[in-house]
>>> print(open('run-v3.txt').read())   # compact mmCIF, C-alpha atoms
# COMPACT_ATOMS: atom_id res chain seq x y z
CA MET A 1 18.22 -33.28 4.71
CA ASN A 2 17.04 -31.22 7.67
CA GLU A 3 18.01 -27.63 8.35
CA ALA A 4 20.97 -28.34 10.67
CA GLU A 5 22.36 -31.01 8.37
CA LEU A 6 22.08 -28.78 5.36
CA PHE A 7 23.91 -25.91 7.03
CA ALA A 8 26.54 -28.26 8.49
CA LYS A 9 27.19 -29.75 5.06
CA TYR A 10 27.45 -26.31 3.50
CA ARG A 11 29.94 -25.18 6.16
CA ALA A 12 32.01 -28.30 5.59
CA THR A 13 32.05 -28.18 1.79
CA GLY A 14 31.42 -24.52 0.88
CA ASP A 15 29.45 -25.88 -2.07
CA VAL A 16 27.67 -23.01 -3.81
CA ASN A 17 24.90 -25.36 -4.93
CA LEU A 18 24.11 -26.11 -1.30
CA ARG A 19 24.06 -22.43 -0.50
CA ASN A 20 21.66 -21.88 -3.38
CA GLU A 21 19.47 -24.70 -2.09
CA ILE A 22 19.31 -23.04 1.34
CA VAL A 23 18.51 -19.66 -0.18
CA GLU A 24 15.75 -21.18 -2.31
CA ARG A 25 14.31 -23.05 0.66
CA TYR A 26 14.04 -19.87 2.73
CA PHE A 27 13.29 -17.41 -0.03
CA TYR A 28 9.66 -17.34 1.12
CA VAL A 29 10.80 -15.56 4.30
CA ALA A 30 12.27 -12.76 2.19
CA GLU A 31 9.03 -12.57 0.20
CA ILE A 32 6.82 -12.44 3.30
CA LEU A 33 8.93 -9.76 4.99
CA ALA A 34 9.21 -7.64 1.85
CA LYS A 35 5.41 -7.62 1.64
CA LYS A 36 5.10 -6.52 5.25
CA PHE A 37 7.05 -3.33 4.59
CA VAL A 38 5.16 -2.35 1.44
CA GLY A 39 3.42 1.02 1.73
CA ARG A 40 6.33 3.05 3.06
CA GLY A 41 7.26 4.46 -0.33
CA VAL A 42 9.49 1.72 -1.73
CA GLU A 43 8.42 -0.71 -4.46
CA TYR A 44 7.88 -4.34 -3.50
CA ASP A 45 10.51 -5.49 -6.02
CA ASP A 46 13.14 -3.25 -4.42
CA LEU A 47 12.20 -4.50 -0.96
CA LEU A 48 12.43 -8.08 -2.18
CA GLN A 49 15.88 -7.42 -3.57
CA ILE A 50 17.08 -6.02 -0.23
CA ALA A 51 15.48 -8.91 1.63
CA SER A 52 17.07 -11.43 -0.75
CA LEU A 53 20.54 -9.95 -0.26
CA ALA A 54 20.03 -10.03 3.50
CA LEU A 55 18.98 -13.67 3.20
CA ILE A 56 22.14 -14.59 1.30
CA LYS A 57 24.31 -12.75 3.86
CA GLY A 58 22.36 -14.44 6.65
CA VAL A 59 23.09 -17.90 5.24
CA GLU A 60 26.80 -17.13 5.51
CA ARG A 61 26.56 -15.83 9.07
CA PHE A 62 24.10 -18.27 10.61
CA ASP A 63 25.50 -20.61 13.25
CA GLU A 64 23.41 -23.78 13.22
CA THR A 65 25.14 -25.09 16.36
CA LYS A 66 23.48 -22.49 18.58
CA GLY A 67 20.10 -24.21 18.55
CA VAL A 68 18.16 -21.36 16.92
CA ARG A 69 16.00 -22.04 13.90
CA PHE A 70 17.13 -20.26 10.76
CA THR A 71 13.78 -18.49 10.26
CA THR A 72 14.01 -17.08 13.80
CA TYR A 73 17.53 -15.86 13.07
CA ILE A 74 16.94 -14.48 9.59
CA THR A 75 13.69 -12.55 10.26
CA PRO A 76 15.24 -9.77 12.39
CA THR A 77 18.26 -9.71 10.05
CA ILE A 78 16.09 -9.06 7.00
CA ALA A 79 13.83 -6.62 8.90
CA GLY A 80 16.93 -4.73 10.02
CA GLU A 81 18.31 -4.48 6.49
CA ILE A 82 14.98 -3.20 5.18
CA LYS A 83 14.76 -0.61 7.95
CA ASN A 84 18.32 0.51 7.22
CA TYR A 85 17.35 0.96 3.59
CA PHE A 86 14.41 3.17 4.58
CA ARG A 87 16.72 5.26 6.70
CA ASP A 88 19.54 5.55 4.17
CA ARG A 89 17.80 6.02 0.86
CA ALA A 90 15.61 8.73 -0.52
CA ARG A 91 12.13 7.41 -0.99
CA LEU A 92 11.44 6.64 -4.60
CA VAL A 93 7.81 7.57 -4.72
CA HIS A 94 5.48 8.75 -7.43
CA LEU A 95 2.98 10.79 -5.51
CA PRO A 96 1.37 14.20 -5.96
CA ARG A 97 4.02 16.86 -5.58
CA LYS A 98 2.38 18.31 -2.45
CA VAL A 99 2.46 14.95 -0.71
CA VAL A 100 6.02 14.26 -1.83
CA GLU A 101 7.12 17.67 -0.54
CA LEU A 102 5.35 17.14 2.76
CA LYS A 103 6.86 13.70 3.10
CA SER A 104 10.41 14.88 2.46
CA GLY A 105 9.79 17.99 4.58
CA ALA A 106 8.64 15.80 7.45
CA ARG A 107 11.72 13.62 7.14
CA ARG A 108 13.99 16.68 7.08
CA ALA A 109 12.19 18.29 10.01
CA ALA A 110 12.46 15.02 11.96
CA GLU A 111 16.21 14.97 11.43
CA GLU A 112 16.58 18.63 12.36
CA ILE A 113 14.55 18.21 15.54
CA ALA A 114 16.47 15.08 16.46
CA ALA A 115 19.76 16.92 15.92
CA GLU A 116 18.60 19.88 18.03
CA THR A 117 17.05 18.00 20.93
CA GLY A 118 18.98 14.74 20.84
CA LYS A 119 15.65 12.88 20.87
CA PRO A 120 13.58 11.40 18.04
CA ALA A 121 10.99 13.91 16.83
CA SER A 122 7.31 13.30 17.47
CA VAL A 123 4.66 13.78 14.79
CA GLY A 124 3.35 16.76 16.77
CA GLU A 125 6.75 18.48 16.71
CA ILE A 126 7.16 17.83 12.99
CA ALA A 127 3.68 19.17 12.23
CA SER A 128 4.32 22.26 14.30
CA ARG A 129 7.65 22.94 12.58
CA LEU A 130 6.12 22.56 9.12
CA GLY A 131 3.04 24.58 10.03
CA VAL A 132 0.64 21.81 9.04
CA GLY A 133 -1.76 19.58 10.93
CA GLU A 134 -0.64 16.33 12.53
CA GLU A 135 -3.13 14.46 10.39
CA GLU A 136 -1.55 15.84 7.23
CA VAL A 137 1.85 14.60 8.34
CA ILE A 138 0.42 11.17 9.14
CA ARG A 139 -1.45 11.02 5.85
CA ALA A 140 1.63 12.01 3.90
CA MET A 141 3.62 9.29 5.64
CA GLU A 142 0.84 6.79 4.98
CA ALA A 143 0.59 7.66 1.30
CA GLY A 144 3.69 5.74 0.36
CA GLY A 145 2.25 2.89 -1.60
CA VAL A 146 3.12 2.67 -5.25
CA VAL A 147 1.47 -0.02 -7.31
CA SER A 148 3.29 -1.32 -10.34
CA LEU A 149 1.11 -1.61 -13.42
CA ASP A 150 2.83 -4.91 -14.15
CA ARG A 151 1.66 -6.32 -10.83
CA PRO A 152 -0.90 -9.15 -11.16
CA ALA A 153 -4.41 -7.75 -10.81
CA GLY A 154 -5.94 -10.90 -9.38
CA ASP A 155 -5.00 -13.87 -7.24
CA ASP A 156 -4.52 -16.13 -10.25
CA GLU A 157 -1.83 -13.83 -11.72
CA SER A 158 -3.47 -14.12 -15.13
CA GLY A 159 -3.42 -10.42 -15.91
CA SER A 160 -1.74 -7.22 -14.77
CA PHE A 161 -3.24 -3.89 -13.73
CA TYR A 162 -2.00 -2.59 -17.07
CA ASP A 163 -4.30 -5.05 -18.86
CA LEU A 164 -7.28 -3.54 -17.05
CA LEU A 165 -6.61 0.03 -18.17
CA PRO A 166 -9.01 1.19 -20.88
CA ASP A 167 -7.25 1.76 -24.19
CA ALA A 168 -7.40 5.44 -25.10
CA SER A 169 -7.60 4.53 -28.79
CA ASP A 170 -10.09 1.70 -28.64
CA ASP A 171 -10.87 0.84 -32.27
CA TYR A 172 -13.97 -1.17 -31.39
CA GLU A 173 -15.36 1.75 -29.44
CA LYS A 174 -14.62 4.09 -32.37
CA LEU A 175 -16.37 1.73 -34.77
CA GLU A 176 -19.42 1.56 -32.53
CA GLN A 177 -19.52 5.36 -32.21
CA ARG A 178 -19.20 5.79 -35.99
CA ASP A 179 -22.17 3.50 -36.56
CA GLU A 180 -24.26 5.39 -34.04
CA VAL A 181 -23.35 8.79 -35.54
CA ALA A 182 -24.09 7.54 -39.08
CA ALA A 183 -27.51 6.28 -37.95
CA ALA A 184 -28.28 9.61 -36.27
CA LEU A 185 -27.17 11.59 -39.36
CA ALA A 186 -29.47 9.51 -41.56
CA THR A 187 -32.45 11.05 -39.78
CA LEU A 188 -31.46 14.57 -40.95
CA SER A 189 -32.71 16.35 -44.07
CA GLY A 190 -30.41 17.07 -47.03
CA ASP A 191 -29.76 20.70 -45.98
CA GLU A 192 -29.16 19.68 -42.39
CA ARG A 193 -26.62 17.00 -43.45
CA LYS A 194 -24.83 19.53 -45.68
CA MET A 195 -24.64 22.01 -42.81
CA VAL A 196 -23.20 19.33 -40.45
CA SER A 197 -20.66 18.36 -43.12
CA LEU A 198 -19.48 21.96 -43.62
CA ARG A 199 -19.54 23.02 -39.95
CA PHE A 200 -18.17 19.84 -38.28
CA GLY A 201 -16.55 17.96 -41.19
CA GLU A 202 -14.70 20.87 -42.79
CA GLU A 203 -14.81 22.89 -39.58
CA LEU A 204 -15.95 26.07 -41.34
CA SER A 205 -17.34 29.10 -39.50
CA GLN A 206 -21.09 29.75 -39.44
CA SER A 207 -20.60 32.68 -41.85
CA GLU A 208 -18.63 30.61 -44.36
CA THR A 209 -21.14 27.74 -44.08
CA ALA A 210 -23.96 30.26 -44.72
CA ARG A 211 -22.12 31.67 -47.77
CA ARG A 212 -21.57 28.19 -49.28
CA MET A 213 -25.18 27.20 -48.64
CA GLY A 214 -26.53 30.51 -49.89
CA VAL A 215 -28.38 31.30 -46.67
CA SER A 216 -27.92 33.80 -43.81
CA GLN A 217 -25.60 33.17 -40.88
CA MET A 218 -28.62 33.49 -38.57
CA TYR A 219 -30.32 30.66 -40.47
CA VAL A 220 -27.24 28.42 -40.04
CA SER A 221 -27.10 29.26 -36.33
CA ARG A 222 -30.77 28.29 -35.82
CA MET A 223 -30.36 25.15 -37.94
CA GLU A 224 -27.25 24.17 -35.99
CA ARG A 225 -29.07 24.39 -32.63
CA LYS A 226 -32.00 22.39 -33.99
CA VAL A 227 -29.75 19.73 -35.60
CA LEU A 228 -27.57 19.29 -32.52
CA GLN A 229 -30.67 18.85 -30.37
CA LYS A 230 -32.04 16.31 -32.83
CA LEU A 231 -28.75 14.37 -32.98
CA LYS A 232 -28.47 14.36 -29.21
CA GLU A 233 -31.93 12.87 -28.84
CA ASN A 234 -31.32 10.27 -31.55
CA LEU A 235 -28.01 9.23 -30.01
CA LYS A 236 -29.61 9.02 -26.56
CA LYS A 237 -32.31 6.75 -27.96
CA SER A 238 -29.81 4.50 -29.76
CA MET A 239 -27.62 4.14 -26.63
CA ALA A 240 -30.55 3.47 -24.25
CA MET B 1 -2.45 4.85 32.59
CA LYS B 2 -4.70 6.91 30.32
CA GLU B 3 -6.79 4.99 27.84
CA LEU B 4 -6.76 6.72 24.47
CA MET B 5 -9.02 4.51 22.40
CA THR B 6 -10.43 1.02 22.17
CA LEU B 7 -11.17 -0.58 18.83
CA TYR B 8 -13.43 -3.62 18.69
CA PHE B 9 -14.01 -5.19 15.31
CA PRO B 10 -14.57 -8.49 13.50
CA LEU B 11 -11.19 -9.86 12.47
CA GLY B 12 -10.53 -9.73 8.75
CA SER B 13 -7.77 -8.60 6.44
CA ASP B 14 -10.08 -5.88 5.06
CA LYS B 15 -9.86 -4.03 8.39
CA MET B 16 -6.06 -3.83 8.48
CA THR B 17 -5.68 -0.51 6.67
CA THR B 18 -8.21 1.17 8.93
CA VAL B 19 -6.50 -0.16 12.04
CA ARG B 20 -3.12 0.90 10.67
CA LEU B 21 -4.40 4.44 10.06
CA ALA B 22 -5.87 4.61 13.56
CA THR B 23 -2.56 3.34 14.96
CA GLY B 24 -0.70 6.05 13.06
CA GLY B 25 -2.97 8.75 14.47
CA LEU B 26 -2.71 7.44 18.01
CA SER B 27 1.07 7.15 17.68
CA ALA B 28 1.07 10.86 16.90
CA LEU B 29 -1.06 11.57 19.96
CA ALA B 30 1.40 9.59 22.05
CA GLY B 31 4.31 11.60 20.65
CA LEU B 32 6.06 8.71 18.90
CA SER B 33 8.67 9.37 16.24
CA LEU B 34 7.85 8.52 12.63
CA ASP B 35 9.95 5.35 12.70
CA GLU B 36 8.34 4.22 15.93
CA SER B 37 4.94 4.95 14.46
CA GLU B 38 5.71 2.83 11.35
CA ASP B 39 7.04 -0.02 13.51
CA CYS B 40 4.02 0.17 15.78
CA LYS B 41 1.74 -0.20 12.77
CA VAL B 42 3.62 -3.33 11.65
CA CYS B 43 3.38 -4.79 15.18
CA VAL B 44 -0.36 -4.15 15.37
CA THR B 45 -0.90 -5.78 11.97
CA GLU B 46 1.25 -8.81 12.85
CA SER B 47 -0.54 -9.29 16.18
CA LEU B 48 -3.92 -9.20 14.47
CA LEU B 49 -2.72 -11.74 11.89
CA LEU B 50 -1.56 -14.07 14.67
CA LEU B 51 -5.00 -13.86 16.30
CA MET B 52 -6.74 -14.26 12.96
CA HIS B 53 -4.75 -17.45 12.22
CA ARG B 54 -5.97 -18.85 15.53
CA GLY B 55 -9.54 -18.42 14.44
CA TYR B 56 -10.66 -15.59 16.70
CA ALA B 57 -13.78 -13.97 15.35
CA ALA B 58 -13.04 -10.49 16.64
CA ALA B 59 -10.29 -8.42 18.20
CA ARG B 60 -10.15 -5.76 20.86
CA VAL B 61 -7.27 -3.31 20.57
CA VAL B 62 -6.73 -0.96 23.50
CA PHE B 63 -4.35 1.97 23.07
CA SER B 64 -3.23 3.67 26.29
CA LEU B 65 -0.75 6.31 27.28
CA GLU B 66 1.71 4.80 29.72
CA ASP B 67 5.37 5.65 29.30
CA GLY B 68 4.68 5.96 25.59
CA LEU B 69 1.97 4.10 23.72
CA LEU B 70 0.86 0.86 25.33
CA VAL B 71 -1.04 -1.48 23.02
CA HIS B 72 -3.12 -4.46 24.21
CA ILE B 73 -4.45 -6.69 21.44
CA ALA B 74 -6.77 -9.52 22.43
CA GLY B 75 -8.71 -12.11 20.49
CA GLU B 76 -12.44 -12.28 21.27
CA GLY B 77 -14.48 -15.46 21.17
CA GLU B 78 -13.25 -19.00 20.89
CA GLY B 79 -10.21 -19.40 18.69
CA GLU B 80 -10.52 -22.47 16.53
CA GLY B 81 -7.79 -22.27 13.90
CA ALA B 82 -4.34 -23.78 14.03
CA PRO B 83 -1.24 -21.56 13.96
CA ALA B 84 -0.03 -20.87 10.44
CA GLU B 85 3.45 -21.51 9.11
CA GLU B 86 4.03 -17.78 8.81
CA ASP B 87 3.43 -17.26 12.53
CA GLU B 88 7.02 -17.96 13.45
CA ILE B 89 8.05 -15.11 11.17
CA SER B 90 5.40 -12.85 12.66
CA PHE B 91 6.68 -13.54 16.19
CA ALA B 92 10.28 -12.97 15.13
CA LEU B 93 9.30 -9.73 13.38
CA LEU B 94 7.39 -8.50 16.44
CA THR B 95 10.36 -9.06 18.71
CA ALA B 96 12.74 -7.61 16.13
CA LEU B 97 10.78 -4.36 16.02
CA ASN B 98 9.97 -4.11 19.72
CA ASP B 99 11.62 -5.74 22.71
CA THR B 100 8.71 -5.18 25.10
CA VAL B 101 6.42 -7.67 23.37
CA ARG B 102 4.74 -10.18 25.70
CA THR B 103 2.01 -12.66 25.04
CA GLU B 104 -0.76 -14.18 27.16
CA GLN B 105 -2.23 -17.64 26.65
CA LYS B 106 -5.80 -18.78 27.29
CA ASN B 107 -6.56 -22.51 27.25
CA GLY B 108 -3.10 -23.14 25.89
CA LYS B 109 -3.68 -20.79 22.97
CA LEU B 110 -2.31 -17.33 22.25
CA ALA B 111 -5.00 -14.88 23.35
CA GLU B 112 -3.35 -11.50 23.94
CA ILE B 113 -0.32 -9.56 22.75
CA VAL B 114 0.97 -6.50 24.57
CA PHE B 115 3.73 -4.08 23.63
CA ARG B 116 4.80 -0.54 24.24
CA PHE B 117 6.37 2.03 21.97
CA GLY B 118 7.82 5.30 23.13
CA GLU B 119 9.68 6.76 26.08
CA LYS B 120 10.76 3.66 28.03
CA ALA B 121 10.33 1.06 25.33
>>> encode(input="run-v3.txt", output="C-alpha cells")
Amino acid sequence: MNEAELFAKYRATGDVNLRNEIVERYFYVAEILAKKFVGRGVEYDDLLQIASLALIKGVERFDETKGVRFTTYITPTIAGEIKNYFRDRARLVHLPRKVVELKSGARRAAEEIAAETGKPASVGEIASRLGVGEEEVIRAMEAGGVVSLDRPAGDDESGSFYDLLPDASDDYEKLEQRDEVAAALATLSGDERKMVSLRFGEELSQSETARRMGVSQMYVSRMERKVLQKLKENLKKSMA
Amino acid sequence: MKELMTLYFPLGSDKMTTVRLATGGLSALAGLSLDESEDCKVCVTESLLLLMHRGYAAARVVFSLEDGLLVHIAGEGEGEGAPAEEDEISFALLTALNDTVRTEQKNGKLAEIVFRFGEKA
C-alpha cells in the first residue's frame, strides 16, 4: 500500500492498527530530527519523545489529498514542536555550575532585553548585560550536550559508555598490585619488613614503631626513607 | 555586503562541530539572537550534509554581513554521489527553519545553498 492509499484507508476506517503502521513507517523521521537537535541541552530520548508525539499528531492532521508527501509535511511540524519545547521548558542539563548559571543567565537576559526593546536580543547585548565576553556566552550555549552512560559506545551497539568506565574497585587490579607489593617486600631484611608492618600495616607512629622495635625514632625515620626508596625501585622494575 | 569569513575545508562529518562553532561565533558578530544562531547552525550542518551526500570533496562556506548574516555554502569539485533518502528531510528542515533558503544547480546537481538569518530574514 502506498502512502496516499494508507492514509486514505486510515481516514475511512479510523483503524488504530493502520495509524500505528503509519507511525512505525515514518518513525525514522522522528529519530533523524531528534538527533539533529541534540546538543542544545536536552537528552536525545526526551527529544525523541517530543518528536514521536508530534509524529502521531501529524498523522491525524495530514491531508493526503493536497499532493504533499508526508515527510515534507511532518518535518516542519516535528521541528516546530521541538523548538517549542526548547522555548517552554527549563533546560535539563548536567553541566558545571558556572556554565549552567551562564546559560540560564543568558536566557534570562535575552528575555529581558527582548521585553525592553521589543526585538530579539543579540549575543553581544546579552554578553554586555551579563558582563562577560561574547565567546563565553556562545560557549555556554554550545555546551549543552549531555551523553547518557547507557548510550551505545560504538556503531554496533554492543556496549554502552558505562561499560567502558574503569571499575573503581577492580579486583583483578588489586590482585596484581598485591602480588607486586609482596614481591617487593620479599627483598627487604627482617627488620625492614617488621618496620613496614608496624608503620604501614598497623599504622603506628615512628616513635611507637621505634619503641616496639627497641630502636630510636631517628633510626626508624632513616630506615623508612631507605625502605621506601628500595620498594619504589623494586616496584618500578617489576612494572617495567 | 561585508564578507566576514570564508571557510574552505574537505567535507567530512568530523568537521561539523568546528563549523558549527564558527557559525555560532559569526552569528554573534552579526548580532543574531540565540535562537537564530542555533537555527543557523542547524542550517549550515544540513547544507553541508546535502553536499556531502552528493559526493563533493570539499565545501566553501562564505559568511557575509548583509541585512543580517548571509551564508553561501558551495560544493567544490565534481559531485559524484547520489542524493540520500534523508535529503528530503534535510530540505524540509532547512525551509522550516529559514524561509530565505535558495539553492543553485550545476550540471543538474545541487551545488550551492544560500540563506540569510537576521534583520530582514
>>> residues_near_point(input="run-v3.txt", point="(6.1, -7.1, 21.6)", cutoff="12 Å", atoms="all atoms listed in the file", output="PDB file with C-alpha atoms, in the frame of the given file")
ATOM      1  CA  ASP B  39       7.040  -0.020  13.510  1.00  0.00           C
ATOM      2  CA  CYS B  40       4.020   0.170  15.780  1.00  0.00           C
ATOM      3  CA  VAL B  42       3.620  -3.330  11.650  1.00  0.00           C
ATOM      4  CA  CYS B  43       3.380  -4.790  15.180  1.00  0.00           C
ATOM      5  CA  VAL B  44      -0.360  -4.150  15.370  1.00  0.00           C
ATOM      6  CA  THR B  45      -0.900  -5.780  11.970  1.00  0.00           C
ATOM      7  CA  GLU B  46       1.250  -8.810  12.850  1.00  0.00           C
ATOM      8  CA  SER B  47      -0.540  -9.290  16.180  1.00  0.00           C
ATOM      9  CA  LEU B  70       0.860   0.860  25.330  1.00  0.00           C
ATOM     10  CA  VAL B  71      -1.040  -1.480  23.020  1.00  0.00           C
ATOM     11  CA  HIS B  72      -3.120  -4.460  24.210  1.00  0.00           C
ATOM     12  CA  ILE B  73      -4.450  -6.690  21.440  1.00  0.00           C
ATOM     13  CA  SER B  90       5.400 -12.850  12.660  1.00  0.00           C
ATOM     14  CA  PHE B  91       6.680 -13.540  16.190  1.00  0.00           C
ATOM     15  CA  ALA B  92      10.280 -12.970  15.130  1.00  0.00           C
ATOM     16  CA  LEU B  93       9.300  -9.730  13.380  1.00  0.00           C
ATOM     17  CA  LEU B  94       7.390  -8.500  16.440  1.00  0.00           C
ATOM     18  CA  THR B  95      10.360  -9.060  18.710  1.00  0.00           C
ATOM     19  CA  ALA B  96      12.740  -7.610  16.130  1.00  0.00           C
ATOM     20  CA  LEU B  97      10.780  -4.360  16.020  1.00  0.00           C
ATOM     21  CA  ASN B  98       9.970  -4.110  19.720  1.00  0.00           C
ATOM     22  CA  ASP B  99      11.620  -5.740  22.710  1.00  0.00           C
ATOM     23  CA  THR B 100       8.710  -5.180  25.100  1.00  0.00           C
ATOM     24  CA  VAL B 101       6.420  -7.670  23.370  1.00  0.00           C
ATOM     25  CA  ARG B 102       4.740 -10.180  25.700  1.00  0.00           C
ATOM     26  CA  THR B 103       2.010 -12.660  25.040  1.00  0.00           C
ATOM     27  CA  GLU B 104      -0.760 -14.180  27.160  1.00  0.00           C
ATOM     28  CA  GLU B 112      -3.350 -11.500  23.940  1.00  0.00           C
ATOM     29  CA  ILE B 113      -0.320  -9.560  22.750  1.00  0.00           C
ATOM     30  CA  VAL B 114       0.970  -6.500  24.570  1.00  0.00           C
ATOM     31  CA  PHE B 115       3.730  -4.080  23.630  1.00  0.00           C
ATOM     32  CA  ARG B 116       4.800  -0.540  24.240  1.00  0.00           C
ATOM     33  CA  PHE B 117       6.370   2.030  21.970  1.00  0.00           C
ATOM     34  CA  ALA B 121      10.330   1.060  25.330  1.00  0.00           C
TER      35      ALA B 121
END
>>> interface_residues(input="run-v3.txt", of="chain B", to="chain A", cutoff="7 Å", atoms="only C-alpha atoms", output="VMD selection string")
chain B and resid 24 to 25 28 31 to 34 89 92 to 93 96
>>> atom_distance(input="run-v3.txt", atom1="atom CA of A:Thr65", atom2="atom CA of A:Ala8")
8.6 Å
>>> axis_aligned_box(input="run-v3.txt", around="stretch 4-10 of chain A", padding_each_side="6 Å", output="JSON")
{"center_x": 24.2, "center_y": -28.5, "center_z": 7.1, "size_x": 18.5, "size_y": 17.1, "size_z": 19.2}
>>> closest_residue(input="run-v3.txt", among="B:Leu29, B:Leu110, B:Leu65, B:Leu51", to="B:Glu3", atoms="all atoms listed in the file")
B:Leu65
>>> residues_around(input="run-v3.txt", residues="stretch 203-210 of chain A", least_positions_apart="2", cutoff="12 Å", atoms="all atoms listed in the file", output="PyMOL selection string")
chain A and resi 191-192+194-201+212-225
>>> atom_distance(input="run-v3.txt", atom1="atom CA of B:Thr17", atom2="atom CA of B:Ala74")
18.2 Å
>>> atom_distance(input="run-v3.txt", atom1="atom CA of A:Lys232", atom2="atom CA of A:Ser189")
15.6 Å
>>> closest_residue(input="run-v3.txt", among="A:Asp63, A:Glu136, A:Ile82, A:Asn17", to="A:Ala30", atoms="all atoms listed in the file")
A:Ile82
>>> closest_residue(input="run-v3.txt", among="B:Lys41, B:Gly77, B:Gly118, B:Arg60", to="B:Thr18", atoms="all atoms listed in the file")
B:Lys41
